[in-house]
>>> print(open('work.txt').read())   # compact mmCIF, C-alpha atoms
# COMPACT_ATOMS: atom_id res chain seq x y z
CA MET J 342 8.51 28.04 -14.75
CA GLU J 343 7.59 26.42 -11.48
CA THR J 344 4.19 25.47 -12.89
CA LYS J 345 5.87 23.96 -15.89
CA MET J 346 8.18 21.84 -13.71
CA LYS J 347 5.22 20.71 -11.65
CA GLU J 348 3.25 19.73 -14.75
CA SER J 349 6.13 17.65 -16.03
CA GLN J 350 6.15 15.55 -12.85
CA LEU J 351 4.01 12.41 -12.75
CA VAL J 352 3.67 13.05 -9.04
CA THR J 353 5.00 15.97 -7.04
CA LYS J 354 6.99 15.81 -3.83
CA ASP J 355 4.09 17.44 -1.97
CA GLN J 356 1.66 14.85 -3.32
CA LEU J 357 3.87 11.98 -2.21
CA PHE J 358 3.98 13.39 1.31
CA GLU J 359 0.24 14.06 1.39
CA HIS J 360 -0.35 10.44 0.33
CA TRP J 361 1.82 9.17 3.18
CA GLU J 362 0.28 11.56 5.72
CA GLY J 363 -3.20 10.44 4.66
CA HIS J 364 -2.27 6.84 5.36
CA ARG J 365 -0.76 7.82 8.71
CA ARG J 366 -4.00 9.59 9.68
CA LEU J 367 -5.91 6.41 8.84
CA THR J 368 -3.51 4.23 10.83
CA ARG J 369 -3.98 6.54 13.82
CA ARG J 370 -7.74 5.95 13.63
CA VAL J 371 -7.15 2.19 13.54
CA ILE J 372 -5.05 2.46 16.73
CA GLU J 373 -7.83 4.50 18.34
CA ALA J 374 -10.43 1.90 17.38
CA PHE J 375 -8.71 -0.83 19.43
CA PRO J 376 -9.77 -1.38 23.02
CA GLU J 377 -6.79 -0.68 25.30
CA ASN J 378 -6.22 -4.25 26.36
CA GLU J 379 -6.70 -5.91 22.95
CA LEU J 380 -4.23 -3.47 21.40
CA PHE J 381 -1.40 -5.22 23.23
CA THR J 382 -2.72 -8.76 23.55
CA PHE J 383 -5.15 -9.75 20.80
CA ASN J 384 -3.72 -11.69 17.87
CA ILE J 385 -4.66 -14.25 15.24
CA GLY J 386 -2.60 -17.19 14.04
CA GLY J 387 0.39 -16.35 16.24
CA MET J 388 0.91 -12.94 14.63
CA ARG J 389 1.86 -9.88 16.67
CA PRO J 390 -0.72 -7.77 18.50
CA PHE J 391 -1.47 -4.51 16.67
CA GLY J 392 0.40 -2.49 19.34
CA ALA J 393 3.63 -4.29 18.42
CA ILE J 394 2.99 -3.63 14.72
CA VAL J 395 2.56 0.07 15.48
CA GLN J 396 5.94 0.11 17.22
CA GLU J 397 7.46 -1.30 14.02
CA LEU J 398 5.79 1.47 12.01
CA LEU J 399 7.14 4.08 14.44
CA ALA J 400 10.62 2.56 14.14
CA ILE J 401 10.43 3.00 10.37
CA ALA J 402 8.74 6.35 9.67
CA GLU J 403 10.84 9.03 11.34
CA PRO J 404 14.20 7.17 11.60
CA GLY J 405 13.70 6.03 7.99
CA LEU J 406 12.95 9.45 6.57
CA LYS J 407 15.80 10.94 8.61
CA GLY J 408 18.13 8.32 7.15
CA ILE J 409 17.07 9.07 3.59
CA VAL J 410 17.50 12.81 4.16
CA THR J 411 20.82 12.72 6.00
CA GLY J 412 22.42 9.44 4.95
CA ASP J 413 22.92 8.68 8.67
CA TRP J 414 21.27 5.48 9.83
CA GLN J 415 20.78 4.07 13.29
CA PRO J 416 20.29 0.30 13.68
CA PHE J 417 16.64 -0.65 13.23
CA ASP J 418 14.96 -0.75 16.63
CA GLU J 419 11.37 -1.91 16.89
CA SER J 420 11.61 -2.96 20.53
CA LEU J 421 8.47 -2.45 22.56
CA LYS J 422 8.68 0.94 24.25
CA TYR J 423 5.05 1.68 24.98
CA SER J 424 2.49 -0.29 26.92
CA THR J 425 -0.59 1.93 26.84
CA LYS J 426 -2.71 3.20 24.00
CA GLU J 427 -2.13 6.78 25.16
CA GLU J 428 1.67 6.40 24.99
CA LEU J 429 1.39 4.83 21.56
CA LEU J 430 -0.81 7.65 20.26
CA GLU J 431 1.54 10.26 21.76
CA ALA J 432 4.50 8.62 20.02
CA TRP J 433 2.47 8.52 16.79
CA ASP J 434 1.69 12.23 17.10
CA ARG J 435 5.33 13.13 17.82
CA THR J 436 6.30 11.39 14.59
CA THR J 437 3.50 13.20 12.75
CA ALA J 438 4.83 16.51 14.10
CA ASN J 439 8.43 15.74 13.10
CA LEU J 440 7.92 14.41 9.57
CA PRO J 441 7.10 17.69 7.76
CA SER J 442 10.40 19.45 8.48
CA LEU J 443 12.33 16.31 7.54
CA TRP J 444 10.33 16.05 4.31
CA GLU J 445 11.16 19.68 3.57
CA GLN J 446 14.87 18.87 3.85
CA LEU J 447 14.52 15.93 1.47
CA LYS J 448 16.20 16.93 -1.79
CA GLU J 449 14.44 15.94 -5.02
CA GLU J 450 17.58 14.23 -6.35
CA ARG J 451 17.46 11.76 -3.42
CA PHE J 452 14.43 10.02 -4.90
CA GLN J 453 16.48 8.42 -7.67
CA GLN J 454 19.68 7.92 -5.70
CA THR J 455 20.65 4.62 -4.10
CA VAL J 456 19.69 4.25 -0.46
CA LEU J 457 20.78 1.50 1.93
CA SER J 458 18.02 1.88 4.46
CA PHE J 459 18.85 0.92 8.02
CA GLU J 460 22.21 -0.15 6.53
CA GLN J 461 20.49 -3.28 5.24
CA TYR J 462 17.96 -2.76 2.46
CA GLU J 463 19.12 -1.41 -0.88
CA GLY J 464 16.79 0.60 -3.05
CA THR J 465 16.29 4.06 -4.44
CA GLY J 466 14.94 6.91 -2.34
CA ILE J 467 11.54 6.53 -3.97
CA SER J 468 11.38 2.73 -3.69
CA THR J 469 12.38 3.00 -0.02
CA LEU J 470 9.66 5.55 0.69
CA GLN J 471 7.14 3.42 -1.22
CA TYR J 472 8.19 0.45 0.90
CA PHE J 473 7.60 2.40 4.12
CA VAL J 474 4.05 3.31 3.05
CA ASP J 475 3.26 -0.12 1.55
CA ASN J 476 4.44 -1.82 4.73
CA GLU J 477 2.14 0.41 6.79
CA ILE J 478 -0.86 -0.38 4.54
CA HIS J 479 -0.05 -4.09 4.66
CA HIS J 480 0.17 -4.29 8.44
CA ARG J 481 -2.77 -1.97 8.97
CA GLY J 482 -4.82 -4.40 6.83
CA GLN J 483 -3.90 -6.97 9.47
CA GLY J 484 -5.26 -4.58 12.10
CA TYR J 485 -8.54 -4.37 10.19
CA VAL J 486 -9.00 -8.16 10.48
CA TYR J 487 -8.20 -8.04 14.21
CA LEU J 488 -10.85 -5.35 14.69
CA ARG J 489 -13.46 -7.31 12.71
CA ALA J 490 -12.62 -10.45 14.69
CA LEU J 491 -13.23 -8.38 17.85
CA GLY J 492 -16.62 -7.28 16.49
CA ILE J 493 -15.44 -3.69 15.93
CA GLU J 494 -16.08 -1.84 12.67
CA PRO J 495 -12.79 -0.40 11.36
CA PRO J 496 -12.56 3.11 9.87
CA PHE J 497 -13.31 3.48 6.17
CA PHE J 498 -10.23 2.64 4.09
CA TRP J 499 -10.83 5.55 1.73
CA GLU J 500 -11.11 8.17 4.49
CA ARG J 501 -7.72 9.89 4.75
CA GLU J 502 -8.47 13.35 6.15
CA MET O 483 17.84 14.65 -23.22
CA GLU O 484 15.86 11.60 -22.26
CA THR O 485 18.27 10.94 -19.39
CA LYS O 486 17.83 14.48 -18.20
CA MET O 487 14.03 14.15 -18.20
CA LYS O 488 14.30 10.92 -16.30
CA GLU O 489 16.57 12.44 -13.69
CA SER O 490 14.15 15.29 -13.11
CA GLN O 491 11.34 12.85 -12.26
CA LEU O 492 10.90 11.80 -8.64
CA VAL O 493 9.61 8.52 -10.02
CA THR O 494 9.40 7.44 -13.64
CA LYS O 495 6.39 5.95 -15.40
CA ASP O 496 8.28 2.67 -15.78
CA GLN O 497 9.07 2.57 -12.07
CA LEU O 498 5.44 3.13 -11.13
CA PHE O 499 4.39 0.20 -13.32
CA GLU O 500 7.16 -2.04 -12.01
CA HIS O 501 6.02 -1.24 -8.46
CA TRP O 502 2.44 -2.24 -9.30
CA GLU O 503 3.52 -5.37 -11.18
CA GLY O 504 5.69 -6.42 -8.21
CA HIS O 505 2.67 -6.18 -5.93
CA ARG O 506 0.56 -8.13 -8.42
CA ARG O 507 3.18 -10.90 -8.50
CA LEU O 508 3.04 -11.08 -4.72
CA THR O 509 -0.76 -11.17 -4.68
CA ARG O 510 -0.65 -14.05 -7.17
CA ARG O 511 1.55 -15.99 -4.74
CA VAL O 512 -0.93 -15.32 -1.93
CA ILE O 513 -3.75 -16.74 -4.09
CA GLU O 514 -1.58 -19.79 -4.81
CA ALA O 515 -0.90 -20.29 -1.10
CA PHE O 516 -4.60 -20.79 -0.32
CA PRO O 517 -6.02 -24.30 -0.33
CA GLU O 518 -8.72 -24.52 -3.04
CA ASN O 519 -11.67 -24.80 -0.67
CA GLU O 520 -10.57 -22.17 1.85
CA LEU O 521 -10.01 -19.65 -0.95
CA PHE O 522 -13.76 -19.42 -1.45
CA THR O 523 -15.08 -20.18 2.02
CA PHE O 524 -12.69 -19.23 4.82
CA ASN O 525 -13.25 -15.87 6.48
CA ILE O 526 -12.76 -14.08 9.78
CA GLY O 527 -15.18 -11.69 11.49
CA GLY O 528 -17.75 -11.85 8.70
CA MET O 529 -15.34 -10.48 6.08
CA ARG O 530 -15.23 -11.86 2.54
CA PRO O 531 -13.27 -14.98 1.61
CA PHE O 532 -10.01 -14.14 -0.19
CA GLY O 533 -11.42 -15.41 -3.51
CA ALA O 534 -14.08 -12.68 -3.42
CA ILE O 535 -11.43 -10.07 -2.61
CA VAL O 536 -9.41 -11.21 -5.63
CA GLN O 537 -12.46 -10.71 -7.85
CA GLU O 538 -12.65 -7.12 -6.58
CA LEU O 539 -8.98 -6.64 -7.45
CA LEU O 540 -9.59 -8.05 -10.94
CA ALA O 541 -12.55 -5.70 -11.35
CA ILE O 542 -10.28 -2.76 -10.58
CA ALA O 543 -6.94 -3.41 -12.27
CA GLU O 544 -7.61 -3.77 -15.99
CA PRO O 545 -10.97 -1.93 -16.23
CA GLY O 546 -9.49 0.82 -14.05
CA LEU O 547 -6.34 1.30 -16.08
CA LYS O 548 -8.36 1.14 -19.30
CA GLY O 549 -10.63 3.86 -17.93
CA ILE O 550 -7.72 6.12 -17.01
CA VAL O 551 -6.15 5.62 -20.44
CA THR O 552 -9.28 6.02 -22.57
CA GLY O 553 -11.67 8.03 -20.38
CA ASP O 554 -14.30 5.34 -21.04
CA TRP O 555 -15.64 3.67 -17.93
CA GLN O 556 -17.89 0.68 -17.49
CA PRO O 557 -19.89 0.36 -14.25
CA PHE O 558 -17.83 -1.28 -11.52
CA ASP O 559 -18.53 -5.02 -11.52
CA GLU O 560 -16.99 -7.18 -8.83
CA SER O 561 -19.58 -9.96 -9.11
CA LEU O 562 -18.26 -13.45 -8.51
CA LYS O 563 -17.33 -14.98 -11.85
CA TYR O 564 -14.90 -17.68 -10.80
CA SER O 565 -15.34 -20.58 -8.44
CA THR O 566 -12.04 -22.43 -8.70
CA LYS O 567 -8.49 -21.41 -7.90
CA GLU O 568 -7.44 -22.29 -11.43
CA GLU O 569 -10.03 -19.97 -12.99
CA LEU O 570 -9.01 -17.21 -10.62
CA LEU O 571 -5.32 -17.59 -11.46
CA GLU O 572 -6.14 -17.67 -15.19
CA ALA O 573 -8.10 -14.45 -14.85
CA TRP O 574 -5.21 -12.97 -12.87
CA ASP O 575 -2.75 -13.93 -15.60
CA ARG O 576 -4.98 -12.51 -18.36
CA THR O 577 -4.95 -9.18 -16.53
CA THR O 578 -1.18 -9.43 -16.09
CA ALA O 579 -0.83 -10.00 -19.85
CA ASN O 580 -3.11 -7.07 -20.75
CA LEU O 581 -1.77 -4.38 -18.43
CA PRO O 582 1.55 -3.61 -20.20
CA SER O 583 0.04 -2.45 -23.50
CA LEU O 584 -2.51 -0.34 -21.63
CA TRP O 585 0.26 1.18 -19.54
CA GLU O 586 2.17 1.98 -22.70
CA GLN O 587 -0.85 3.92 -23.99
CA LEU O 588 -1.10 5.90 -20.76
CA LYS O 589 0.02 9.45 -21.52
CA GLU O 590 2.23 11.16 -18.94
CA GLU O 591 -0.10 14.16 -18.73
CA ARG O 592 -2.91 11.89 -17.48
CA PHE O 593 -1.19 11.48 -14.11
CA GLN O 594 -2.03 15.04 -13.05
CA GLN O 595 -5.38 15.29 -14.82
CA THR O 596 -8.70 14.78 -13.04
CA VAL O 597 -10.12 11.29 -13.28
CA LEU O 598 -13.61 10.16 -12.22
CA SER O 599 -12.86 6.48 -11.85
CA PHE O 600 -15.75 4.12 -12.47
CA GLU O 601 -17.79 7.33 -12.88
CA GLN O 602 -17.81 7.63 -9.10
CA TYR O 603 -14.47 8.44 -7.48
CA GLU O 604 -12.78 11.73 -8.22
CA GLY O 605 -9.01 12.03 -8.09
CA THR O 606 -6.02 12.62 -10.30
CA GLY O 607 -4.59 9.93 -12.53
CA ILE O 608 -1.77 9.34 -10.05
CA SER O 609 -3.97 9.31 -6.94
CA THR O 610 -6.32 6.87 -8.67
CA LEU O 611 -3.45 4.53 -9.59
CA GLN O 612 -2.07 4.82 -6.05
CA TYR O 613 -5.51 3.90 -4.75
CA PHE O 614 -5.63 0.77 -6.93
CA VAL O 615 -2.27 -0.43 -5.59
CA ASP O 616 -2.98 0.60 -1.98
CA ASN O 617 -6.31 -1.20 -2.06
CA GLU O 618 -4.58 -4.37 -3.28
CA ILE O 619 -1.95 -4.18 -0.52
CA HIS O 620 -4.65 -3.53 2.10
CA HIS O 621 -6.81 -6.49 1.09
CA ARG O 622 -3.85 -8.78 0.53
CA GLY O 623 -2.83 -8.00 4.13
CA GLN O 624 -6.21 -9.46 5.06
CA GLY O 625 -5.30 -12.57 3.06
CA TYR O 626 -2.07 -12.88 5.07
CA VAL O 627 -4.08 -13.10 8.30
CA TYR O 628 -6.41 -15.70 6.79
CA LEU O 629 -3.39 -17.81 5.78
CA ARG O 630 -1.82 -17.53 9.24
CA ALA O 631 -5.16 -18.44 10.85
CA LEU O 632 -5.17 -21.52 8.58
CA GLY O 633 -1.67 -22.41 9.77
CA ILE O 634 -0.10 -21.56 6.38
CA GLU O 635 3.01 -19.39 6.10
CA PRO O 636 2.35 -16.54 3.62
CA PRO O 637 4.96 -15.47 1.05
CA PHE O 638 7.51 -12.87 2.17
CA PHE O 639 6.07 -9.37 1.86
CA TRP O 640 9.33 -8.01 0.42
CA GLU O 641 9.59 -10.61 -2.33
CA ARG O 642 8.25 -9.01 -5.51
CA GLU O 643 10.00 -10.82 -8.35
>>> encode(input="work.txt", output="C-alpha cells")
Amino acid sequence: METKMKESQLVTKDQLFEHWEGHRRLTRRVIEAFPENELFTFNIGGMRPFGAIVQELLAIAEPGLKGIVTGDWQPFDESLKYSTKEELLEAWDRTTANLPSLWEQLKEERFQQTVLSFEQYEGTGISTLQYFVDNEIHHRGQGYVYLRALGIEPPFFWERE
Amino acid sequence: METKMKESQLVTKDQLFEHWEGHRRLTRRVIEAFPENELFTFNIGGMRPFGAIVQELLAIAEPGLKGIVTGDWQPFDESLKYSTKEELLEAWDRTTANLPSLWEQLKEERFQQTVLSFEQYEGTGISTLQYFVDNEIHHRGQGYVYLRALGIEPPFFWERE
C-alpha cells in the first residue's frame, strides 16, 4: 500500500527534502570557498557581498519552513547578524540540524494549501518551498560569479553530496 | 476521482510545467535586457557570455524533455548556432512553442523511472527535470550579475508571468 502511494507520486516528500538539502550542501561549499574578508566585502555592480546573501538565505530556510509547518510567521528578518565566516557556517549548520525535524512535521496536505509566507507572499505550500530553493540557487549563482571574479574555482554545480 | 488524485499529489504535473515555464519566461526577459553586443561578448572572470549560456539552455530544454518522453537521446550539442539577439529569442520562442505538446506526452510514471539523460547523466525523470530547471536558474543568476556589472537593472526575480 505504501509502495503504491509512493509510485503514484510524481515526487515524494523525502525526495523534495533531499533535493533541498543537496542544494544547501552545495551552498555551504560556496561559503567555504570565499576568503574571509571577501565574503563580507567583495561585490560586483553594487550588489550585496555573498555574506549578506547568505544571511537572507538563513532568514528564509528555517523560519520559512517553520511558518509553513505551523502557520505562525515572524516578520522577515535578514539583518546582518554574523561578521565572520565561522559564525556564518555555524549558523548554516544549525539550520541544517533543525530542518529535518521540521520537515517531518510538515503534513502532506500542506503542499497544496494556501500559504502567506512571512505574512506577505501568497502561494501554495509547494510553490513557497520551490521559491525558497530557487531563490537559493539564483543567489548562489551570483556567488559563483564573485568567486570567478576573485580567481577562485567554485565547487561543481552538480555535486550535491 | 480526478480531484482526489490531484489532492493526493504534493505537486501536480501541470504545476511542475507551470513552474518551469515561469522560469523560462523570466530567462527570456533577461536575454531581452542585454544589449545586442554584450550578449555575445561581455563576461566576468573568464566565464561565458550570456549568449553562450542561453545556447546551453536551449540544448537542454527541448532535446532533454524529448529524451525523457521518448527514451531517444541525441548527443548533447551546445555549439554556438546563433549570433544575434533576434535569432536567440526566436530559438527560445520555438522551444517555448514545442514544450507543451512534449509535456503532454510525458507519462506520469516516467517521473520515478530511471533516466540516463543525454546518455550520460543518471537520475529519475523528476530529478532530471529538476536539474534542467535548477541549471537554468543557476546560470541566469550569472546573467543577473553581468547585467548589474553593465549598469542594467535585471527583471524582478519573482516576476514569472
>>> residues_around(input="work.txt", residues="range 489-499 of chain J", least_positions_apart="5", cutoff="9 Å", atoms="all atoms listed in the file", output="PyMOL selection string")
(chain J and resi 367+370-371+374-375+379+383+385+484) or (chain O and resi 526-529+613+617+620)
>>> residues_around(input="work.txt", residues="Glu450 in chain J", least_positions_apart="4", cutoff="12 Å", atoms="all atoms listed in the file", output="PyMOL selection string")
(chain J and resi 354+409-410+446+454-456+465-467) or (chain O and resi 486+488-493)
>>> residues_around(input="work.txt", residues="Leu440 in chain J", least_positions_apart="4", cutoff="12 Å", atoms="only C-alpha atoms", output="PyMOL selection string")
chain J and resi 358-359+361-362+365+399+401-407+410+433-436+444-447
>>> atom_distance(input="work.txt", atom1="CA of Phe417 in chain J", atom2="CA of Gln396 in chain J")
11.4 Å
>>> closest_residue(input="work.txt", among="J:Phe381, J:Tyr485, J:Phe473, J:Tyr423", to="chain O", atoms="all atoms listed in the file")
J:Tyr485
>>> closest_residue(input="work.txt", among="O:Asp496, O:Val536, O:Arg507, O:Trp555", to="Tyr603 in chain O", atoms="all atoms listed in the file")
O:Trp555
>>> closest_residue(input="work.txt", among="O:Ser561, O:Asn525, O:Thr566, O:Thr578", to="chain J", atoms="all atoms listed in the file")
O:Asn525
>>> atom_distance(input="work.txt", atom1="CA of Ile372 in chain J", atom2="CA of Arg481 in chain J")
9.2 Å
>>> closest_residue(input="work.txt", among="O:Glu641, O:Leu562, O:Ser609, O:Phe600", to="Arg530 in chain O", atoms="only C-alpha atoms")
O:Leu562
>>> atom_distance(input="work.txt", atom1="CA of Leu584 in chain O", atom2="CA of Gln471 in chain J")
22.9 Å
>>> build_atoms(input="work.txt", residues="range 545-575 of chain O", atoms="N, CA and C atoms", output="compact mmCIF listing (two decimals), in the coordinates of the input")
# COMPACT_ATOMS: atom_id res chain seq x y z
N PRO O 545 -9.95 -2.94 -15.89
CA PRO O 545 -10.97 -1.93 -16.23
C PRO O 545 -10.57 -0.53 -15.74
N GLY O 546 -9.89 -0.47 -14.60
CA GLY O 546 -9.49 0.82 -14.05
C GLY O 546 -8.42 1.48 -14.89
N LEU O 547 -7.40 0.72 -15.26
CA LEU O 547 -6.34 1.30 -16.08
C LEU O 547 -6.88 1.68 -17.46
N LYS O 548 -7.74 0.83 -18.01
CA LYS O 548 -8.36 1.14 -19.30
C LYS O 548 -9.14 2.46 -19.22
N GLY O 549 -9.86 2.63 -18.12
CA GLY O 549 -10.63 3.86 -17.93
C GLY O 549 -9.73 5.09 -17.85
N ILE O 550 -8.63 4.97 -17.13
CA ILE O 550 -7.72 6.12 -17.01
C ILE O 550 -7.11 6.44 -18.38
N VAL O 551 -6.78 5.41 -19.13
CA VAL O 551 -6.15 5.62 -20.44
C VAL O 551 -7.14 6.22 -21.44
N THR O 552 -8.35 5.66 -21.50
CA THR O 552 -9.28 6.02 -22.57
C THR O 552 -10.33 7.05 -22.15
N GLY O 553 -10.58 7.17 -20.83
CA GLY O 553 -11.67 8.03 -20.38
C GLY O 553 -13.02 7.33 -20.47
N ASP O 554 -13.05 6.11 -20.99
CA ASP O 554 -14.30 5.34 -21.04
C ASP O 554 -14.39 4.42 -19.83
N TRP O 555 -15.48 4.48 -19.14
CA TRP O 555 -15.64 3.67 -17.93
C TRP O 555 -16.87 2.79 -18.04
N GLN O 556 -16.75 1.56 -17.65
CA GLN O 556 -17.89 0.68 -17.49
C GLN O 556 -18.26 0.71 -16.00
N PRO O 557 -19.52 0.43 -15.68
CA PRO O 557 -19.89 0.36 -14.25
C PRO O 557 -19.02 -0.68 -13.55
N PHE O 558 -18.68 -0.39 -12.30
CA PHE O 558 -17.83 -1.28 -11.52
C PHE O 558 -18.55 -2.60 -11.29
N ASP O 559 -17.89 -3.70 -11.62
CA ASP O 559 -18.53 -5.02 -11.52
C ASP O 559 -17.59 -6.02 -10.86
N GLU O 560 -17.83 -6.23 -9.56
CA GLU O 560 -16.99 -7.18 -8.83
C GLU O 560 -17.75 -8.47 -8.53
N SER O 561 -18.79 -8.75 -9.34
CA SER O 561 -19.58 -9.96 -9.11
C SER O 561 -18.68 -11.20 -9.23
N LEU O 562 -19.10 -12.26 -8.60
CA LEU O 562 -18.26 -13.45 -8.51
C LEU O 562 -18.37 -14.26 -9.80
N LYS O 563 -17.30 -14.31 -10.55
CA LYS O 563 -17.33 -14.98 -11.85
C LYS O 563 -16.60 -16.31 -11.82
N TYR O 564 -15.76 -16.50 -10.82
CA TYR O 564 -14.90 -17.68 -10.80
C TYR O 564 -15.13 -18.46 -9.52
N SER O 565 -15.08 -19.77 -9.64
CA SER O 565 -15.34 -20.58 -8.44
C SER O 565 -14.25 -21.61 -8.19
N THR O 566 -13.18 -21.57 -9.00
CA THR O 566 -12.04 -22.43 -8.70
C THR O 566 -10.77 -21.58 -8.68
N LYS O 567 -9.77 -22.10 -7.99
CA LYS O 567 -8.49 -21.41 -7.90
C LYS O 567 -7.86 -21.28 -9.28
N GLU O 568 -8.02 -22.32 -10.10
CA GLU O 568 -7.44 -22.29 -11.43
C GLU O 568 -8.04 -21.17 -12.29
N GLU O 569 -9.36 -21.04 -12.24
CA GLU O 569 -10.03 -19.97 -12.99
C GLU O 569 -9.57 -18.60 -12.51
N LEU O 570 -9.42 -18.49 -11.20
CA LEU O 570 -9.01 -17.21 -10.62
C LEU O 570 -7.59 -16.85 -11.07
N LEU O 571 -6.71 -17.84 -11.04
CA LEU O 571 -5.32 -17.59 -11.46
C LEU O 571 -5.25 -17.30 -12.97
N GLU O 572 -6.10 -17.97 -13.75
CA GLU O 572 -6.14 -17.67 -15.19
C GLU O 572 -6.59 -16.24 -15.44
N ALA O 573 -7.61 -15.83 -14.71
CA ALA O 573 -8.10 -14.45 -14.85
C ALA O 573 -7.01 -13.46 -14.43
N TRP O 574 -6.30 -13.83 -13.36
CA TRP O 574 -5.21 -12.97 -12.87
C TRP O 574 -4.15 -12.82 -13.96
N ASP O 575 -3.81 -13.94 -14.59
CA ASP O 575 -2.75 -13.93 -15.60
C ASP O 575 -3.19 -13.22 -16.87
